[in-house]
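Some notes on the structure that comes next.
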Amino acid sequence: MKVDGNRFRMKRFARFLSLLDKLPAKDGPTRILDIGGTREYWQALRPLWEGRKVDITIVNLDQPAEDDDIYHLRSDNACALQYPDMAFDVVHSNSVIEHVGRWPEMAAMAREVRRLAPHYYLQTPNFWFPVEPHYRSVMFHWLPESYRAARLVNRRRGFRIASDYDEAMRNIQSVALLTARQMGALFPDARIERERIGPLTKSLIAIR
């Protein structure tokens, strides 16, 4: 099954802009917090949002602090962000929550997202979609962990190579895909939208 990632990214961003355009009018820029994003992501999509007044803070682990025009890069932990309640107008996060750990870490990140802004847009791949996007393999993520780790040792799966079983297990456990029910539990005040390929749900998007 071939998946056009760029086409889906454009459609997702159009959804995000729709949310942005519904926010209450204000004198200053719209304060956006992007958890786990990059400046390159926003620059690539700039023709779509240019003309809107925005101020974008991008947080990642071990990221040097930098201010560049509307961009503010900061080092922070998605599960315990160092900002006061409602410090932003909207939180954006794309394919990050599945990487923060197991359920307690996911719940912590979800609380931070809900705490930091009255509105948010958070996307994650759907566990029940047959193509695993990180390893680019069909049904790979439905196999037992131990079997998946064994397959990774000295074998290429997408962009990942594991030199030994320890590294393979760390790679496997660095991704925990979510179902729609789990997303609903993490974000009970959100609308959970489905990004589809035909009858299949490729990604899940929590929008408040």
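Every chain in the structure tokens takes a letter, A first, then B, and so on in the order presented; its residues are numbered from 1, and the ligands are numbered from 1 following the presented order.
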Residues flagged helix (DSSP H, G or I) by DSSP in chain A, as a ChimeraX atom specification: /A:5-21,39-44,46-49,97-99,103-116,140-142,145-152,165-172,180-186
Near stretch 184-196 of chain A, within 9 Å and counting only C-alpha atoms, which residues show up once chain neighbours fewer than 3 positions away are dropped, as a PDB file with N, CA, C and O atoms, in the first residue's frame?
ATOM      1  N   PHE A   8      -0.965  14.031   2.587  1.00  0.00           N
ATOM      2  CA  PHE A   8      -1.636  13.995   3.884  1.00  0.00           C
ATOM      3  C   PHE A   8      -1.178  15.136   4.774  1.00  0.00           C
ATOM      4  O   PHE A   8      -1.972  15.700   5.537  1.00  0.00           O
ATOM      5  N   ARG A  12      -3.653  17.764   6.485  1.00  0.00           N
ATOM      6  CA  ARG A  12      -3.640  17.974   7.931  1.00  0.00           C
ATOM      7  C   ARG A  12      -3.456  19.450   8.258  1.00  0.00           C
ATOM      8  O   ARG A  12      -4.112  19.991   9.143  1.00  0.00           O
ATOM      9  N   MET A 106       2.258   9.270  28.073  1.00  0.00           N
ATOM     10  CA  MET A 106       1.279   9.814  27.132  1.00  0.00           C
ATOM     11  C   MET A 106       0.221  10.651  27.858  1.00  0.00           C
ATOM     12  O   MET A 106      -0.170  11.723  27.391  1.00  0.00           O
ATOM     13  N   ALA A 107      -0.251  10.137  28.996  1.00  0.00           N
ATOM     14  CA  ALA A 107      -1.251  10.874  29.772  1.00  0.00           C
ATOM     15  C   ALA A 107      -0.674  12.190  30.282  1.00  0.00           C
ATOM     16  O   ALA A 107      -1.372  13.217  30.310  1.00  0.00           O
ATOM     17  N   ALA A 110      -0.602  14.573  27.363  1.00  0.00           N
ATOM     18  CA  ALA A 110      -1.965  15.015  27.061  1.00  0.00           C
ATOM     19  C   ALA A 110      -2.428  16.080  28.056  1.00  0.00           C
ATOM     20  O   ALA A 110      -3.075  17.068  27.671  1.00  0.00           O
ATOM     21  N   ARG A 111      -2.101  15.905  29.341  1.00  0.00           N
ATOM     22  CA  ARG A 111      -2.461  16.914  30.343  1.00  0.00           C
ATOM     23  C   ARG A 111      -1.788  18.235  30.054  1.00  0.00           C
ATOM     24  O   ARG A 111      -2.389  19.306  30.207  1.00  0.00           O
ATOM     25  N   ARG A 114      -3.535  19.975  27.098  1.00  0.00           N
ATOM     26  CA  ARG A 114      -4.826  20.520  27.499  1.00  0.00           C
ATOM     27  C   ARG A 114      -4.670  21.702  28.450  1.00  0.00           C
ATOM     28  O   ARG A 114      -5.527  22.590  28.493  1.00  0.00           O
ATOM     29  N   TYR A 120      -6.287  23.049  20.776  1.00  0.00           N
ATOM     30  CA  TYR A 120      -5.135  22.244  20.379  1.00  0.00           C
ATOM     31  C   TYR A 120      -5.476  21.371  19.174  1.00  0.00           C
ATOM     32  O   TYR A 120      -6.641  21.113  18.861  1.00  0.00           O
ATOM     33  N   ASN A 126      -2.565   5.855  13.472  1.00  0.00           N
ATOM     34  CA  ASN A 126      -3.546   4.931  14.032  1.00  0.00           C
ATOM     35  C   ASN A 126      -2.957   3.517  14.154  1.00  0.00           C
ATOM     36  O   ASN A 126      -2.432   2.967  13.184  1.00  0.00           O
ATOM     37  N   THR A 179      -4.867   3.810  19.591  1.00  0.00           N
ATOM     38  CA  THR A 179      -6.156   3.574  18.945  1.00  0.00           C
ATOM     39  C   THR A 179      -7.058   4.778  19.166  1.00  0.00           C
ATOM     40  O   THR A 179      -6.765   5.659  19.984  1.00  0.00           O
ATOM     41  N   ALA A 180      -8.185   4.809  18.473  1.00  0.00           N
ATOM     42  CA  ALA A 180      -9.147   5.900  18.643  1.00  0.00           C
ATOM     43  C   ALA A 180      -9.688   5.934  20.068  1.00  0.00           C
ATOM     44  O   ALA A 180      -9.881   7.012  20.649  1.00  0.00           O
ATOM     45  N   ARG A 181      -9.931   4.767  20.648  1.00  0.00           N
ATOM     46  CA  ARG A 181     -10.434   4.730  22.021  1.00  0.00           C
ATOM     47  C   ARG A 181      -9.409   5.318  22.992  1.00  0.00           C
ATOM     48  O   ARG A 181      -9.761   6.061  23.925  1.00  0.00           O
ATOM     49  N   PRO A 199     -11.603   3.087   3.218  1.00  0.00           N
ATOM     50  CA  PRO A 199     -12.320   2.781   4.457  1.00  0.00           C
ATOM     51  C   PRO A 199     -11.411   2.724   5.685  1.00  0.00           C
ATOM     52  O   PRO A 199     -11.903   2.580   6.807  1.00  0.00           O
ATOM     53  N   LEU A 200     -10.093   2.824   5.489  1.00  0.00           N
ATOM     54  CA  LEU A 200      -9.140   2.654   6.586  1.00  0.00           C
ATOM     55  C   LEU A 200      -8.758   3.995   7.199  1.00  0.00           C
ATOM     56  O   LEU A 200      -8.584   4.993   6.488  1.00  0.00           O
ATOM     57  N   THR A 201      -8.591   4.008   8.517  1.00  0.00           N
ATOM     58  CA  THR A 201      -8.155   5.210   9.221  1.00  0.00           C
ATOM     59  C   THR A 201      -6.637   5.193   9.348  1.00  0.00           C
ATOM     60  O   THR A 201      -6.068   4.338  10.037  1.00  0.00           O
ATOM     61  N   LYS A 202      -5.992   6.133   8.676  1.00  0.00           N
ATOM     62  CA  LYS A 202      -4.524   6.201   8.697  1.00  0.00           C
ATOM     63  C   LYS A 202      -4.016   6.889   9.960  1.00  0.00           C
ATOM     64  O   LYS A 202      -3.057   6.429  10.584  1.00  0.00           O
ATOM     65  N   SER A 203      -4.627   8.012  10.319  1.00  0.00           N
ATOM     66  CA  SER A 203      -4.183   8.786  11.470  1.00  0.00           C
ATOM     67  C   SER A 203      -5.396   9.249  12.266  1.00  0.00           C
ATOM     68  O   SER A 203      -6.510   9.319  11.757  1.00  0.00           O
ATOM     69  N   LEU A 204      -5.125   9.605  13.514  1.00  0.00           N
ATOM     70  CA  LEU A 204      -6.132  10.145  14.421  1.00  0.00           C
ATOM     71  C   LEU A 204      -5.722  11.562  14.814  1.00  0.00           C
ATOM     72  O   LEU A 204      -4.535  11.815  15.078  1.00  0.00           O
ATOM     73  N   ILE A 205      -6.689  12.463  14.854  1.00  0.00           N
ATOM     74  CA  ILE A 205      -6.407  13.862  15.157  1.00  0.00           C
ATOM     75  C   ILE A 205      -7.350  14.332  16.253  1.00  0.00           C
ATOM     76  O   ILE A 205      -8.571  14.296  16.098  1.00  0.00           O
ATOM     77  N   ALA A 206      -6.768  14.768  17.391  1.00  0.00           N
ATOM     78  CA  ALA A 206      -7.558  15.329  18.483  1.00  0.00           C
ATOM     79  C   ALA A 206      -7.591  16.847  18.318  1.00  0.00           C
ATOM     80  O   ALA A 206      -6.544  17.490  18.234  1.00  0.00           O
ATOM     81  N   ILE A 207      -8.790  17.399  18.254  1.00  0.00           N
ATOM     82  CA  ILE A 207      -8.960  18.840  18.011  1.00  0.00           C
ATOM     83  C   ILE A 207      -9.879  19.433  19.081  1.00  0.00           C
ATOM     84  O   ILE A 207     -10.971  18.925  19.316  1.00  0.00           O
ATOM     85  N   ARG A 208      -9.416  20.477  19.731  1.00  0.00           N
ATOM     86  CA  ARG A 208     -10.260  21.244  20.646  1.00  0.00           C
ATOM     87  C   ARG A 208     -10.160  22.718  20.276  1.00  0.00           C
ATOM     88  O   ARG A 208      -9.080  23.245  20.169  1.00  0.00           O
TER      89      ARG A 208
END
Using only C-alpha atoms: which of A:Met86, A:Asp69, A:Arg115, A:Tyr121 has the shortest distance to A:Leu20: A:Tyr121
Residues within 6 Å of A:Ala162, only C-alpha atoms, excluding chain neighbours under 4 positions, as a list of chain:residue names: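 Contacts, with the query itself left out: A:Leu152, A:Val153, A:Asn154, A:Glu167, A:Ala168.
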Residues of stretch 28-208 of chain A in strand (DSSP E), written as a CSV table (one decimal) with C-alpha atoms, in the first residue's frame:
chain,number,residue,atom,x,y,z
A,30,THR,CA,-1.6,34.1,17.7
A,31,ARG,CA,0.7,32.2,20.1
A,32,ILE,CA,1.3,28.7,18.8
A,33,LEU,CA,3.2,26.0,20.8
A,34,ASP,CA,4.5,23.2,18.6
A,35,ILE,CA,5.6,20.2,20.6
A,54,VAL,CA,1.6,34.2,14.5
A,55,ASP,CA,4.3,33.6,17.1
A,56,ILE,CA,5.6,30.1,17.1
A,57,THR,CA,7.4,28.4,20.0
A,58,ILE,CA,8.9,25.0,19.1
A,59,VAL,CA,10.0,22.7,21.9
A,60,ASN,CA,12.1,19.5,21.7
A,66,GLU,CA,17.2,30.3,19.7
A,67,ASP,CA,15.0,33.2,18.7
A,68,ASP,CA,14.6,33.9,14.9
A,71,TYR,CA,10.3,31.4,15.8
A,72,HIS,CA,11.3,30.6,19.4
A,73,LEU,CA,13.2,27.3,19.8
A,74,ARG,CA,13.4,25.9,23.3
A,75,SER,CA,14.5,22.7,25.0
A,90,VAL,CA,-3.2,26.9,20.5
A,91,VAL,CA,-1.0,23.8,20.8
A,92,HIS,CA,0.1,21.9,17.7
A,93,SER,CA,1.7,18.5,17.7
A,94,ASN,CA,2.3,16.1,14.8
A,119,HIS,CA,-7.3,25.0,21.7
A,120,TYR,CA,-5.1,22.2,20.4
A,121,TYR,CA,-4.5,20.1,17.3
A,122,LEU,CA,-2.6,16.8,17.9
A,123,GLN,CA,-2.1,14.1,15.3
A,124,THR,CA,-0.8,10.5,15.7
A,125,PRO,CA,-0.7,7.4,13.5
A,131,VAL,CA,1.2,0.1,7.4
A,132,GLU,CA,3.5,1.0,10.3
A,137,SER,CA,6.3,-2.3,7.0
A,138,VAL,CA,2.9,-3.9,6.6
A,156,ARG,CA,17.1,-2.3,7.8
A,157,ARG,CA,13.5,-1.3,8.4
A,160,ARG,CA,16.3,2.2,11.5
A,161,ILE,CA,19.1,-0.3,12.0
A,191,ARG,CA,-13.2,15.9,18.8
A,192,ILE,CA,-11.3,12.9,17.4
A,193,GLU,CA,-11.1,13.1,13.6
A,194,ARG,CA,-10.0,10.3,11.4
A,195,GLU,CA,-7.7,10.8,8.4
A,196,ARG,CA,-8.7,8.1,6.0
A,197,ILE,CA,-7.4,6.1,3.0
A,200,LEU,CA,-9.1,2.7,6.6
A,201,THR,CA,-8.2,5.2,9.2
A,202,LYS,CA,-4.5,6.2,8.7
A,203,SER,CA,-4.2,8.8,11.5
A,204,LEU,CA,-6.1,10.1,14.4
A,205,ILE,CA,-6.4,13.9,15.2
A,206,ALA,CA,-7.6,15.3,18.5
A,207,ILE,CA,-9.0,18.8,18.0
Near-A:Ser146 list (8 Å; only C-alpha atoms; drop same-chain fewer than 3 positions) as a short mmCIF file (atom, residue, chain, number, x, y, z; two decimals) with C-alpha atoms, in the first residue's frame:
data_model
loop_
_atom_site.label_atom_id
_atom_site.label_comp_id
_atom_site.auth_asym_id
_atom_site.auth_seq_id
_atom_site.Cartn_x
_atom_site.Cartn_y
_atom_site.Cartn_z
CA ALA A 149 13.12 -6.77 17.86
CA ALA A 150 14.63 -9.96 16.42
CA MET A 169 14.20 -3.44 21.91
#
Non-local contacts of A:Lys53 (10 Å; only C-alpha atoms; under 4 positions in same chain excluded) as number ranges by chain: A: 26-31, 49, 70
Let's have the selection written as an mmCIF file, in the first residue's frame, with all heavy atoms.
data_model
loop_
_atom_site.group_PDB
_atom_site.id
_atom_site.type_symbol
_atom_site.label_atom_id
_atom_site.label_comp_id
_atom_site.auth_asym_id
_atom_site.auth_seq_id
_atom_site.Cartn_x
_atom_site.Cartn_y
_atom_site.Cartn_z
ATOM 1 N N LYS A 26 -7.703 38.882 18.024
ATOM 2 C CA LYS A 26 -6.917 39.537 19.067
ATOM 3 C C LYS A 26 -5.965 40.529 18.412
ATOM 4 O O LYS A 26 -5.694 40.470 17.207
ATOM 5 C CB LYS A 26 -6.143 38.501 19.884
ATOM 6 C CG LYS A 26 -5.272 37.577 19.063
ATOM 7 C CD LYS A 26 -4.572 36.532 19.921
ATOM 8 C CE LYS A 26 -3.614 37.154 20.877
ATOM 9 N NZ LYS A 26 -2.803 36.154 21.622
ATOM 10 N N ASP A 27 -5.451 41.463 19.226
ATOM 11 C CA ASP A 27 -4.578 42.507 18.682
ATOM 12 C C ASP A 27 -3.202 41.951 18.311
ATOM 13 O O ASP A 27 -2.668 42.251 17.252
ATOM 14 C CB ASP A 27 -4.418 43.644 19.699
ATOM 15 C CG ASP A 27 -5.725 44.396 19.916
ATOM 16 O OD1 ASP A 27 -6.548 44.422 18.973
ATOM 17 O OD2 ASP A 27 -5.920 44.929 21.019
ATOM 18 N N GLY A 28 -2.637 41.130 19.172
ATOM 19 C CA GLY A 28 -1.305 40.603 18.928
ATOM 20 C C GLY A 28 -1.334 39.335 18.098
ATOM 21 O O GLY A 28 -2.388 38.873 17.650
ATOM 22 N N PRO A 29 -0.169 38.724 17.905
ATOM 23 C CA PRO A 29 -0.101 37.479 17.136
ATOM 24 C C PRO A 29 -0.720 36.306 17.883
ATOM 25 O O PRO A 29 -0.796 36.306 19.114
ATOM 26 C CB PRO A 29 1.401 37.269 16.938
ATOM 27 C CG PRO A 29 2.032 37.969 18.094
ATOM 28 C CD PRO A 29 1.168 39.161 18.371
ATOM 29 N N THR A 30 -1.157 35.311 17.154
ATOM 30 C CA THR A 30 -1.631 34.066 17.743
ATOM 31 C C THR A 30 -0.420 33.283 18.238
ATOM 32 O O THR A 30 0.505 33.003 17.480
ATOM 33 C CB THR A 30 -2.407 33.240 16.704
ATOM 34 O OG1 THR A 30 -3.543 33.978 16.268
ATOM 35 C CG2 THR A 30 -2.855 31.918 17.294
ATOM 36 N N ARG A 31 -0.444 32.934 19.509
ATOM 37 C CA ARG A 31 0.693 32.237 20.136
ATOM 38 C C ARG A 31 0.519 30.735 19.944
ATOM 39 O O ARG A 31 -0.387 30.134 20.520
ATOM 40 C CB ARG A 31 0.765 32.586 21.615
ATOM 41 C CG ARG A 31 0.971 34.071 21.898
ATOM 42 C CD ARG A 31 0.630 34.377 23.345
ATOM 43 N NE ARG A 31 -0.770 34.011 23.630
ATOM 44 C CZ ARG A 31 -1.278 33.926 24.866
ATOM 45 N NH1 ARG A 31 -0.530 34.160 25.913
ATOM 46 N NH2 ARG A 31 -2.555 33.596 25.032
ATOM 47 N N TRP A 49 0.224 29.632 5.430
ATOM 48 C CA TRP A 49 -0.190 30.425 6.586
ATOM 49 C C TRP A 49 0.299 31.867 6.553
ATOM 50 O O TRP A 49 -0.080 32.676 7.407
ATOM 51 C CB TRP A 49 0.249 29.759 7.894
ATOM 52 C CG TRP A 49 1.721 29.492 8.049
ATOM 53 C CD1 TRP A 49 2.369 28.331 7.815
ATOM 54 C CD2 TRP A 49 2.730 30.409 8.497
ATOM 55 N NE1 TRP A 49 3.718 28.446 8.088
ATOM 56 C CE2 TRP A 49 3.966 29.709 8.517
ATOM 57 C CE3 TRP A 49 2.708 31.746 8.900
ATOM 58 C CZ2 TRP A 49 5.160 30.306 8.900
ATOM 59 C CZ3 TRP A 49 3.901 32.348 9.282
ATOM 60 C CH2 TRP A 49 5.109 31.635 9.280
ATOM 61 N N ILE A 70 9.772 35.124 14.075
ATOM 62 C CA ILE A 70 8.586 34.630 14.776
ATOM 63 C C ILE A 70 8.819 33.295 15.470
ATOM 64 O O ILE A 70 7.942 32.803 16.183
ATOM 65 C CB ILE A 70 7.398 34.488 13.813
ATOM 66 C CG1 ILE A 70 7.698 33.450 12.734
ATOM 67 C CG2 ILE A 70 7.019 35.829 13.207
ATOM 68 C CD1 ILE A 70 6.492 33.060 11.909
#
Residue among A:Leu45, A:Leu23, A:Val175, A:Met109 lying closest to A:Leu81, counting only C-alpha atoms: A:Met109
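One finds atom CA of A:Gly37 at 15.3 Å from atom CA of A:Met10.
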Given only C-alpha atoms as the counted atoms, nearest of A:Ala14, A:Asp89, A:Trp42, A:Leu61 to A:Pro118: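 Of A:Ala14, A:Asp89, A:Trp42, A:Leu61, the one nearest A:Pro118, counting only C-alpha atoms, is A:Asp89.
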Counting only C-alpha atoms, the option among A:Ala65, A:Cys79, A:Leu48, A:Glu98 closest to A:Met183: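 Of all the options, A:Glu98 lies closest to A:Met183.
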